[in-house]
$ cat data.pdb   # PDB, C-alpha atoms
ATOM      1  CA  MET A  73       0.000   0.000   0.000
ATOM      2  CA  ASP A  74       1.252   3.479  -0.905
ATOM      3  CA  VAL A  75       1.815   5.899   1.955
ATOM      4  CA  ALA A  76       3.921   9.041   2.430
ATOM      5  CA  LEU A  77       6.557  10.271   4.863
ATOM      6  CA  GLU A  78       7.993  13.705   5.485
ATOM      7  CA  ASP A  79      11.642  13.855   4.472
ATOM      8  CA  ARG A  80      12.924  16.362   7.027
ATOM      9  CA  HIS A  81      16.247  16.803   5.242
ATOM     10  CA  ALA A  82      14.699  17.582   1.867
ATOM     11  CA  GLY A  83      11.734  19.410   3.363
ATOM     12  CA  ARG A  84       9.146  17.540   1.300
ATOM     13  CA  ILE A  85       6.726  14.634   1.338
ATOM     14  CA  VAL A  86       8.079  11.459  -0.245
ATOM     15  CA  PRO A  87       6.374   8.210  -1.242
ATOM     16  CA  ALA A  88       6.734   5.137   0.948
ATOM     17  CA  THR A  89       5.219   1.664   1.046
ATOM     18  CA  LEU A  90       3.300  -0.039   3.835
ATOM     19  CA  ILE A  91       4.064  -3.760   3.756
ATOM     20  CA  GLU A  92       1.650  -6.120   5.469
ATOM     21  CA  ARG A  93       2.850  -9.336   7.080
ATOM     22  CA  ILE A  94       6.610  -9.225   6.806
ATOM     23  CA  ASP A  95       8.569 -12.460   6.976
ATOM     24  CA  VAL A  96      11.563 -13.527   9.049
ATOM     25  CA  ALA A  97      14.049 -12.533   6.341
ATOM     26  CA  TYR A  98      12.684  -8.985   6.379
ATOM     27  CA  ALA A  99      12.807  -8.861  10.186
ATOM     28  CA  LYS A 100      16.429  -9.976  10.108
ATOM     29  CA  ARG A 101      17.187  -7.183   7.654
ATOM     30  CA  VAL A 102      15.548  -4.688  10.023
ATOM     31  CA  ASP A 103      17.649  -5.895  12.935
ATOM     32  CA  ASP A 104      20.840  -5.772  10.872
ATOM     33  CA  LEU A 105      20.213  -2.252   9.592
ATOM     34  CA  TRP A 106      18.786  -0.679  12.730
ATOM     35  CA  LEU A 107      21.192  -2.206  15.220
ATOM     36  CA  THR A 108      24.230  -1.449  13.081
ATOM     37  CA  PHE A 109      23.136   2.162  12.725
ATOM     38  CA  LEU A 110      22.381   2.439  16.415
ATOM     39  CA  ALA A 111      25.760   1.023  17.423
ATOM     40  CA  ALA A 112      27.537   3.487  15.155
ATOM     41  CA  ALA A 113      25.458   6.412  16.443
ATOM     42  CA  ILE A 114      26.180   5.490  20.037
ATOM     43  CA  ALA A 115      29.914   5.147  19.364
ATOM     44  CA  GLU A 116      29.996   8.483  17.578
ATOM     45  CA  ALA A 117      28.092  10.229  20.348
ATOM     46  CA  GLU A 118      30.320   8.775  23.039
ATOM     47  CA  ALA A 119      33.429   9.815  21.123
ATOM     48  CA  ALA A 120      32.013  13.322  20.978
ATOM     49  CA  GLY A 121      31.381  13.297  24.703
ATOM     50  CA  THR A 122      27.598  13.339  24.338
ATOM     51  CA  PRO A 123      26.452   9.800  25.153
ATOM     52  CA  VAL A 124      23.103   8.710  23.708
ATOM     53  CA  GLU A 125      20.587   7.654  26.311
ATOM     54  CA  LEU A 126      19.432   4.239  25.170
ATOM     55  CA  LEU A 127      15.758   4.223  24.315
ATOM     56  CA  GLU A 128      13.587   1.561  25.856
ATOM     57  CA  HIS A 129      12.896  -0.259  22.604
ATOM     58  CA  THR A 130      16.444  -0.366  21.251
ATOM     59  CA  HIS A 131      16.962  -3.837  22.714
ATOM     60  CA  TRP A 132      14.095  -5.279  20.667
ATOM     61  CA  ARG A 133      15.074  -8.037  18.242
ATOM     62  CA  TRP A 134      12.448  -8.266  15.516
ATOM     63  CA  THR A 135      13.815 -11.506  14.080
ATOM     64  CA  GLY A 136      12.838 -13.474  17.165
ATOM     65  CA  LYS A 137       9.446 -11.821  17.432
ATOM     66  CA  VAL A 138       8.562 -12.528  13.810
ATOM     67  CA  GLU A 139       9.960 -16.080  13.947
ATOM     68  CA  LEU A 140       7.405 -16.878  16.635
ATOM     69  CA  THR A 141       4.438 -15.243  14.940
ATOM     70  CA  ALA A 142       4.822 -15.004  11.162
ATOM     71  CA  HIS A 143       2.701 -18.125  10.607
ATOM     72  CA  LEU A 144      -0.144 -16.933  12.861
ATOM     73  CA  LEU A 145      -3.125 -14.970  11.511
ATOM     74  CA  SER A 146      -3.449 -13.187  14.848
ATOM     75  CA  TYR A 147      -0.028 -11.520  14.797
ATOM     76  CA  PRO A 148       0.565  -9.520  11.621
ATOM     77  CA  THR A 149       3.752  -7.447  11.538
ATOM     78  CA  LEU A 150       3.656  -4.409   9.250
ATOM     79  CA  ALA A 151       6.553  -2.354   7.933
ATOM     80  CA  ILE A 152       7.013   1.003   6.241
ATOM     81  CA  GLU A 153       9.674   1.025   3.563
ATOM     82  CA  CYS A 154      11.184   4.149   2.005
ATOM     83  CA  GLU A 155      14.371   4.491  -0.032
ATOM     84  CA  GLU A 156      14.610   0.696   0.175
ATOM     85  CA  ARG A 157      15.076   0.821   3.934
ATOM     86  CA  PRO A 158      12.620  -0.092   6.707
ATOM     87  CA  GLN A 159      11.489   3.116   8.428
ATOM     88  CA  GLY A 160       9.064   1.678  10.965
ATOM     89  CA  LEU A 161       7.744  -1.660  12.187
ATOM     90  CA  MET A 162       4.659  -2.705  14.131
ATOM     91  CA  MET A 163       3.379  -6.046  15.419
ATOM     92  CA  LEU A 164      -0.330  -6.389  16.177
ATOM     93  CA  LYS A 165      -2.332  -8.916  18.173
ATOM     94  CA  THR A 166      -5.770  -9.365  16.683
ATOM     95  CA  ASP A 167      -7.418 -11.904  18.970
ATOM     96  CA  GLY A 168      -8.387 -12.118  22.599
ATOM     97  CA  GLU A 169      -7.866  -8.485  23.615
ATOM     98  CA  ILE A 170     -10.778  -6.432  24.911
ATOM     99  CA  ALA A 171     -11.335  -2.775  25.625
ATOM    100  CA  ARG A 172     -11.004  -1.390  29.159
ATOM    101  CA  SER A 173     -12.325   2.119  28.574
ATOM    102  CA  GLN A 174     -15.628   2.880  30.188
ATOM    103  CA  ASN A 175     -17.961   3.035  27.210
ATOM    104  CA  GLU A 176     -16.379   0.195  25.282
ATOM    105  CA  GLN A 177     -15.502  -2.215  28.059
ATOM    106  CA  GLY A 178     -15.438  -5.824  26.987
ATOM    107  CA  LYS A 179     -15.513  -5.099  23.260
ATOM    108  CA  PRO A 180     -12.745  -6.555  21.090
ATOM    109  CA  LEU A 181      -9.856  -4.392  19.975
ATOM    110  CA  VAL A 182      -6.588  -4.718  18.095
ATOM    111  CA  TYR A 183      -3.621  -4.613  20.448
ATOM    112  CA  VAL A 184      -0.346  -3.039  19.349
ATOM    113  CA  GLU A 185       2.302  -5.419  20.699
ATOM    114  CA  PHE A 186       5.318  -3.498  19.412
ATOM    115  CA  LEU A 187       5.810  -0.313  17.412
ATOM    116  CA  ALA A 188       9.171   1.225  16.566
ATOM    117  CA  THR A 189      10.651   3.665  14.130
ATOM    118  CA  ALA A 190      14.110   3.409  12.566
ATOM    119  CA  PRO A 191      16.871   4.896  14.738
ATOM    120  CA  TRP A 192      17.855   7.438  12.065
ATOM    121  CA  ASN A 193      14.380   8.943  12.444
ATOM    122  CA  LEU A 194      14.656   9.525  16.183
ATOM    123  CA  PRO A 195      15.666  12.905  17.660
ATOM    124  CA  ALA A 196      17.037  11.074  20.698
ATOM    125  CA  VAL A 197      19.541   9.231  18.486
ATOM    126  CA  VAL A 198      20.523  11.658  15.730
ATOM    127  CA  ALA A 199      20.863  15.420  15.619
ATOM    128  CA  ARG A 200      19.011  15.551  12.276
ATOM    129  CA  PRO A 201      16.287  12.872  12.132
ATOM    130  CA  ARG A 202      15.463  11.856   8.566
ATOM    131  CA  PHE A 203      11.811  10.884   8.171
ATOM    132  CA  ARG A 204       8.736  11.905  10.141
ATOM    133  CA  GLY A 205       5.345  10.234  10.112
ATOM    134  CA  ALA A 206       6.127   6.526  10.441
ATOM    135  CA  GLY A 207       4.481   6.193  13.844
ATOM    136  CA  THR A 208       1.337   7.952  12.678
ATOM    137  CA  ILE A 209       1.071   5.786   9.574
ATOM    138  CA  LEU A 210       1.471   2.647  11.657
ATOM    139  CA  LEU A 211      -1.197   3.770  14.143
ATOM    140  CA  ARG A 212      -3.518   4.403  11.221
ATOM    141  CA  ALA A 213      -2.742   0.907   9.922
ATOM    142  CA  ALA A 214      -3.624  -0.537  13.339
ATOM    143  CA  ILE A 215      -6.961   1.281  13.248
ATOM    144  CA  GLU A 216      -7.655   0.081   9.717
ATOM    145  CA  THR A 217      -6.851  -3.479  10.765
ATOM    146  CA  SER A 218      -9.322  -3.058  13.623
ATOM    147  CA  LEU A 219     -11.973  -1.794  11.189
ATOM    148  CA  ASP A 220     -11.264  -4.630   8.782
ATOM    149  CA  LEU A 221     -11.770  -7.193  11.538
ATOM    150  CA  GLY A 222     -15.033  -5.653  12.653
ATOM    151  CA  PHE A 223     -13.629  -4.128  15.838
ATOM    152  CA  LYS A 224     -14.778  -0.640  14.773
ATOM    153  CA  GLY A 225     -11.343   0.944  14.916
ATOM    154  CA  ARG A 226     -10.672   0.187  18.575
ATOM    155  CA  ILE A 227      -6.989  -0.225  19.438
ATOM    156  CA  GLY A 228      -5.015  -0.542  22.649
ATOM    157  CA  LEU A 229      -1.367  -0.608  23.691
ATOM    158  CA  HIS A 230       1.053  -0.277  26.567
ATOM    159  CA  SER A 231       3.378   2.636  25.924
ATOM    160  CA  LEU A 232       7.061   2.871  26.667
ATOM    161  CA  ARG A 233       7.734   6.028  28.648
ATOM    162  CA  ASP A 234       9.504   7.711  25.718
ATOM    163  CA  ALA A 235       6.381   7.361  23.594
ATOM    164  CA  GLU A 236       3.610   8.393  26.001
ATOM    165  CA  ILE A 237       3.474  11.926  24.634
ATOM    166  CA  PHE A 238       3.181  10.643  21.064
ATOM    167  CA  TYR A 239       0.200   8.432  21.866
ATOM    168  CA  ALA A 240      -1.504  11.123  23.922
ATOM    169  CA  ARG A 241      -1.055  13.631  21.088
ATOM    170  CA  SER A 242      -2.420  11.047  18.660
ATOM    171  CA  GLY A 243      -5.705  11.178  20.504
ATOM    172  CA  MET A 244      -5.406   8.028  22.578
ATOM    173  CA  THR A 245      -6.673   8.007  26.156
ATOM    174  CA  ALA A 246      -4.331   7.048  28.978
ATOM    175  CA  LEU A 247      -6.103   4.620  31.302
ATOM    176  CA  GLY A 248      -3.443   4.255  33.963
ATOM    177  CA  ARG A 249      -0.238   2.356  34.665
ATOM    178  CA  ASP A 250      -0.602  -1.410  34.434
ATOM    179  CA  GLN A 251       1.187  -3.310  37.178
ATOM    180  CA  LYS A 252       0.915  -6.500  35.142
ATOM    181  CA  LYS A 253       2.926  -4.892  32.356
ATOM    182  CA  GLU A 254       5.979  -3.406  34.053
ATOM    183  CA  ASN A 255       3.911  -0.420  35.159
ATOM    184  CA  LEU A 256       3.635   0.860  31.602
ATOM    185  CA  GLU A 257       0.847   3.325  30.848
ATOM    186  CA  TYR A 258      -2.037   1.647  29.034
ATOM    187  CA  PHE A 259      -3.627   3.646  26.185
ATOM    188  CA  GLU A 260      -6.765   3.012  24.194
ATOM    189  CA  MET A 261      -8.459   4.555  21.232
ATOM    190  CA  THR A 262     -12.225   4.219  21.154
ATOM    191  CA  SER A 263     -14.167   3.758  17.990
ATOM    192  CA  THR A 264     -15.043   7.466  17.967
ATOM    193  CA  GLN A 265     -11.449   8.525  18.524
ATOM    194  CA  ALA A 266     -10.297   6.164  15.779
ATOM    195  CA  MET A 267     -12.735   7.631  13.252
ATOM    196  CA  ALA A 268     -11.526  11.126  14.120
ATOM    197  CA  PHE A 269      -7.903  10.015  13.690
ATOM    198  CA  ILE A 270      -8.309   8.579  10.224
ATOM    199  CA  ARG A 271     -10.609  11.286   8.868
TER     200      ARG A 271
ATOM    201  CA  MET B 317      -5.640  -4.253   3.657
ATOM    202  CA  ALA B 318      -4.542  -7.252   1.621
ATOM    203  CA  GLY B 319      -6.978  -8.605  -0.992
ATOM    204  CA  LYS B 320      -9.551 -11.113   0.142
ATOM    205  CA  LYS B 321     -11.148 -14.186  -1.396
ATOM    206  CA  THR B 322     -14.850 -14.967  -1.118
ATOM    207  CA  MET B 323     -16.315 -18.262  -0.075
ATOM    208  CA  THR B 324     -19.873 -19.511   0.389
ATOM    209  CA  LEU B 325     -20.636 -21.039   3.763
ATOM    210  CA  ASN B 326     -23.544 -23.406   4.479
ATOM    211  CA  LEU B 327     -24.677 -23.443   8.104
ATOM    212  CA  THR B 328     -27.410 -25.331   9.879
ATOM    213  CA  GLU B 329     -30.231 -23.365  11.491
ATOM    214  CA  ALA B 330     -28.684 -23.908  14.934
ATOM    215  CA  GLU B 331     -25.269 -22.780  13.730
ATOM    216  CA  MET B 332     -26.759 -19.651  12.193
ATOM    217  CA  VAL B 333     -28.623 -18.867  15.422
ATOM    218  CA  ALA B 334     -25.380 -19.294  17.394
ATOM    219  CA  LEU B 335     -23.509 -17.110  14.933
ATOM    220  CA  GLU B 336     -26.161 -14.391  15.076
ATOM    221  CA  ARG B 337     -26.137 -14.447  18.879
ATOM    222  CA  LEU B 338     -22.352 -14.130  18.982
ATOM    223  CA  SER B 339     -22.510 -11.350  16.445
ATOM    224  CA  THR B 340     -24.938  -9.400  18.610
ATOM    225  CA  GLU B 341     -23.109 -10.165  21.847
ATOM    226  CA  LYS B 342     -19.710  -9.141  20.470
ATOM    227  CA  ASP B 343     -21.069  -6.226  18.426
ATOM    228  CA  MET B 344     -19.333  -7.646  15.364
ATOM    229  CA  SER B 345     -20.585  -8.715  11.952
ATOM    230  CA  LYS B 346     -21.089 -12.425  11.362
ATOM    231  CA  THR B 347     -18.108 -12.395   9.028
ATOM    232  CA  ALA B 348     -15.961 -10.761  11.711
ATOM    233  CA  VAL B 349     -17.016 -13.410  14.224
ATOM    234  CA  LEU B 350     -16.011 -16.207  11.867
ATOM    235  CA  ARG B 351     -12.691 -14.577  11.004
ATOM    236  CA  GLN B 352     -11.977 -14.229  14.721
ATOM    237  CA  ALA B 353     -12.908 -17.869  15.269
ATOM    238  CA  LEU B 354     -10.401 -18.867  12.588
ATOM    239  CA  ARG B 355      -7.634 -16.918  14.323
ATOM    240  CA  LEU B 356      -8.397 -18.517  17.656
ATOM    241  CA  TYR B 357      -8.607 -22.000  16.167
ATOM    242  CA  GLN B 358      -5.219 -21.536  14.545
ATOM    243  CA  VAL B 359      -3.552 -20.291  17.733
ATOM    244  CA  ILE B 360      -5.013 -23.166  19.726
ATOM    245  CA  SER B 361      -4.024 -25.684  17.079
ATOM    246  CA  VAL B 362      -0.449 -24.457  16.909
ATOM    247  CA  ARG B 363      -0.010 -24.586  20.665
ATOM    248  CA  MET B 364      -1.545 -28.033  20.930
ATOM    249  CA  GLN B 365       0.786 -29.305  18.244
ATOM    250  CA  VAL B 366       3.699 -28.544  20.540
ATOM    251  CA  GLY B 367       2.078 -30.418  23.401
ATOM    252  CA  GLU B 368       0.199 -27.683  25.265
ATOM    253  CA  ARG B 369      -3.345 -28.199  26.556
ATOM    254  CA  LEU B 370      -6.256 -25.809  26.846
ATOM    255  CA  PHE B 371      -8.144 -25.366  30.121
ATOM    256  CA  PHE B 372     -10.949 -23.297  31.574
ATOM    257  CA  GLU B 373     -10.230 -22.236  35.133
ATOM    258  CA  ASP B 374     -12.879 -21.409  37.729
ATOM    259  CA  ASP B 375     -11.229 -19.253  40.393
ATOM    260  CA  ILE B 376     -14.188 -19.509  42.745
ATOM    261  CA  ALA B 377     -14.785 -23.243  42.527
ATOM    262  CA  LYS B 378     -11.024 -23.814  42.196
ATOM    263  CA  GLU B 379     -11.632 -26.097  39.242
ATOM    264  CA  LYS B 380      -9.824 -26.617  35.977
ATOM    265  CA  LYS B 381     -11.523 -28.274  33.032
ATOM    266  CA  GLU B 382      -9.730 -29.272  29.902
ATOM    267  CA  LEU B 383     -11.195 -28.138  26.610
ATOM    268  CA  VAL B 384     -10.727 -30.826  24.026
ATOM    269  CA  VAL B 385     -10.161 -29.284  20.611
ATOM    270  CA  LEU B 386     -10.454 -31.292  17.424
TER     271      LEU B 386
END

$ encode --input "data.pdb" --output "structure tokens"
Amino acid sequence: MDVALEDRHAGRIVPATLIERIDVAYAKRVDDLWLTFLAAAIAEAEAAGTPVELLEHTHWRWTGKVELTAHLLSYPTLAIECEERPQGLMMLKTDGEIARSQNEQGKPLVYVEFLATAPWNLPAVVARPRFRGAGTILLRAAIETSLDLGFKGRIGLHSLRDAEIFYARSGMTALGRDQKKENLEYFEMTSTQAMAFIR
Amino acid sequence: MAGKKTMTLNLTEAEMVALERLSTEKDMSKTAVLRQALRLYQVISVRMQVGERLFFEDDIAKEKKELVVL
């Protein structure tokens, strides 16, 4: 599917591709590219005397995650590709998760298991991040998956601390820290919020 | 979303009643209910293939009952 990212260096919108259901080979490529870049960025920053604070998701290994789930309908992993490099990745869980928010309690939703953007797009890693918009596109894809499955756009996720502001600004509602999930803040988007997001 | 293929499904009266009830209860279309059922069946099947078993647990009665899945 065709999508678009903002190229912050060029100051323009550029075409990208949303790939549904990546395979293990693609996940391995993501790990190779992202971790290599991250290691180099960290080394460079440390040499310059400005150490990079490791983000919470930088230890994620997508190869292992996709190896366990690629054959399961319930766990699609989507990727955004631009300039022949993966710019963002997201794994969804599409069964067995229900809404906690007051008006939609008990109704099925799509759960975002993992969502990450490429390290060269992150202000915390590089002085001049390259592309903007990957997270928003992936959230939209999660909502559209929810709509496609008949869940009316409802999505939920536990946010890493670095990303709480992003999800709040995206219109998701924070429903409190979840002790069962390392005290991460749990966010949901109701059907109404989802429709407003994708309009 | 990826392209889909269409199939025709024949259900008994009782199956259709059950499907309609689930559809109402879950606030999902009948198609969505069946697609969800497929996902669950696959997950259960995969886990059983590696030797796991599926149980219902009653916290109050302190009972566990195995669900036998074909």

$ atom_distance --input "data.pdb" --atom1 "CA of Ala199 (chain A)" --atom2 "CA of Leu110 (chain A)"
13.1 Å

$ closest_atom_pairs --input "data.pdb" --of "chain A" --to "chain B" --cutoff "9 Å" --atoms "all atoms listed in the file" --output "Markdown table"
| residue | atom | partner | partner_atom | distance |
| --- | --- | --- | --- | --- |
| A:Met73 | CA | B:Met317 | CA | 8.0 |
| A:Glu92 | CA | B:Ala318 | CA | 7.4 |
| A:Leu144 | CA | B:Val359 | CA | 6.8 |
| A:Leu145 | CA | B:Arg355 | CA | 5.7 |
| A:Ser146 | CA | B:Arg355 | CA | 5.6 |
| A:Thr166 | CA | B:Gln352 | CA | 8.1 |
| A:Asp167 | CA | B:Gln352 | CA | 6.7 |
| A:Gly168 | CA | B:Leu356 | CA | 8.1 |
| A:Gly178 | CA | B:Lys342 | CA | 8.5 |
| A:Lys179 | CA | B:Lys342 | CA | 6.5 |
| A:Pro180 | CA | B:Lys342 | CA | 7.5 |
| A:Ala213 | CA | B:Met317 | CA | 8.6 |
| A:Glu216 | CA | B:Met317 | CA | 7.7 |
| A:Thr217 | CA | B:Met317 | CA | 7.3 |
| A:Asp220 | CA | B:Met317 | CA | 7.6 |
| A:Leu221 | CA | B:Ala348 | CA | 5.5 |
| A:Gly222 | CA | B:Ala348 | CA | 5.3 |
| A:Phe223 | CA | B:Met344 | CA | 6.7 |
| A:Lys224 | CA | B:Met344 | CA | 8.4 |

$ resolve_selection --input "data.pdb" --expression "the PyMOL selection byres ((chain A and resi 240) around 12)" --output "list in words"
Leu229, His230, Ser231, Arg233, Asp234, Ala235, Glu236, Ile237, Phe238, Tyr239, Arg241, Ser242, Gly243, Met244, Thr245, Ala246, Leu247, Glu257, Tyr258, Phe259, Glu260, Met261 and Gln265 of chain A

$ atom_distance --input "data.pdb" --atom1 "CA of Glu118 (chain A)" --atom2 "CA of Pro195 (chain A)"
16.1 Å

$ atom_distance --input "data.pdb" --atom1 "CA of Lys100 (chain A)" --atom2 "CA of Ala113 (chain A)"
19.8 Å

$ closest_residue --input "data.pdb" --among "B:Arg337, B:Leu386, B:Glu379, B:Asp374" --to "Ile360 (chain B)" --atoms "only C-alpha atoms"
B:Leu386

$ residues_around --input "data.pdb" --residues "region 78-89 of chain A" --least-positions-apart "3" --cutoff "6 Å" --atoms "all atoms listed in the file" --output "list in words"
Met73, Asp74, Val75, Ile152, Glu153, Cys154, Arg202, Phe203 and Arg204 of chain A

$ resolve_selection --input "data.pdb" --expression "the PyMOL selection byres ((chain A and resi 103) around 12)" --output "JSON, numbers by chain"
{"A": [96, 97, 98, 99, 100, 101, 102, 104, 105, 106, 107, 108, 109, 110, 111, 130, 131, 132, 133, 134, 135, 136, 137, 138, 157, 158, 159, 160, 161, 188, 189, 190, 191]}

$ write_last_selection --input "data.pdb" --atoms "C-alpha atoms" --output "PDB file, in the coordinates of the input"
ATOM      1  CA  VAL A  96      11.563 -13.527   9.049  1.00  0.00           C
ATOM      2  CA  ALA A  97      14.049 -12.533   6.341  1.00  0.00           C
ATOM      3  CA  TYR A  98      12.684  -8.985   6.379  1.00  0.00           C
ATOM      4  CA  ALA A  99      12.807  -8.861  10.186  1.00  0.00           C
ATOM      5  CA  LYS A 100      16.429  -9.976  10.108  1.00  0.00           C
ATOM      6  CA  ARG A 101      17.187  -7.183   7.654  1.00  0.00           C
ATOM      7  CA  VAL A 102      15.548  -4.688  10.023  1.00  0.00           C
ATOM      8  CA  ASP A 104      20.840  -5.772  10.872  1.00  0.00           C
ATOM      9  CA  LEU A 105      20.213  -2.252   9.592  1.00  0.00           C
ATOM     10  CA  TRP A 106      18.786  -0.679  12.730  1.00  0.00           C
ATOM     11  CA  LEU A 107      21.192  -2.206  15.220  1.00  0.00           C
ATOM     12  CA  THR A 108      24.230  -1.449  13.081  1.00  0.00           C
ATOM     13  CA  PHE A 109      23.136   2.162  12.725  1.00  0.00           C
ATOM     14  CA  LEU A 110      22.381   2.439  16.415  1.00  0.00           C
ATOM     15  CA  ALA A 111      25.760   1.023  17.423  1.00  0.00           C
ATOM     16  CA  THR A 130      16.444  -0.366  21.251  1.00  0.00           C
ATOM     17  CA  HIS A 131      16.962  -3.837  22.714  1.00  0.00           C
ATOM     18  CA  TRP A 132      14.095  -5.279  20.667  1.00  0.00           C
ATOM     19  CA  ARG A 133      15.074  -8.037  18.242  1.00  0.00           C
ATOM     20  CA  TRP A 134      12.448  -8.266  15.516  1.00  0.00           C
ATOM     21  CA  THR A 135      13.815 -11.506  14.080  1.00  0.00           C
ATOM     22  CA  GLY A 136      12.838 -13.474  17.165  1.00  0.00           C
ATOM     23  CA  LYS A 137       9.446 -11.821  17.432  1.00  0.00           C
ATOM     24  CA  VAL A 138       8.562 -12.528  13.810  1.00  0.00           C
ATOM     25  CA  ARG A 157      15.076   0.821   3.934  1.00  0.00           C
ATOM     26  CA  PRO A 158      12.620  -0.092   6.707  1.00  0.00           C
ATOM     27  CA  GLN A 159      11.489   3.116   8.428  1.00  0.00           C
ATOM     28  CA  GLY A 160       9.064   1.678  10.965  1.00  0.00           C
ATOM     29  CA  LEU A 161       7.744  -1.660  12.187  1.00  0.00           C
ATOM     30  CA  ALA A 188       9.171   1.225  16.566  1.00  0.00           C
ATOM     31  CA  THR A 189      10.651   3.665  14.130  1.00  0.00           C
ATOM     32  CA  ALA A 190      14.110   3.409  12.566  1.00  0.00           C
ATOM     33  CA  PRO A 191      16.871   4.896  14.738  1.00  0.00           C
TER      34      PRO A 191
END

$ resolve_selection --input "data.pdb" --expression "the PyMOL selection byres ((chain B and resi 383) around 6)" --output "count of residues only"
4

$ closest_residue --input "data.pdb" --among "B:Leu325, B:Leu338, B:Ile376, B:Val385" --to "Met364 (chain B)" --atoms "all atoms listed in the file"
B:Val385

$ axis_aligned_box --input "data.pdb" --around "region 328-345 of chain B" --padding-each-side "5 Å" --output "lines of an AutoDock Vina configuration file"
center_x = -24.8
center_y = -15.8
center_z = 15.9
size_x = 20.9
size_y = 29.1
size_z = 22.0

$ residues_around --input "data.pdb" --residues "Leu211 (chain A)" --least-positions-apart "2" --cutoff "10 Å" --atoms "only C-alpha atoms" --output "number ranges by chain"
A: 162, 184, 187, 206-209, 213-217, 227, 239, 242, 266, 269-270
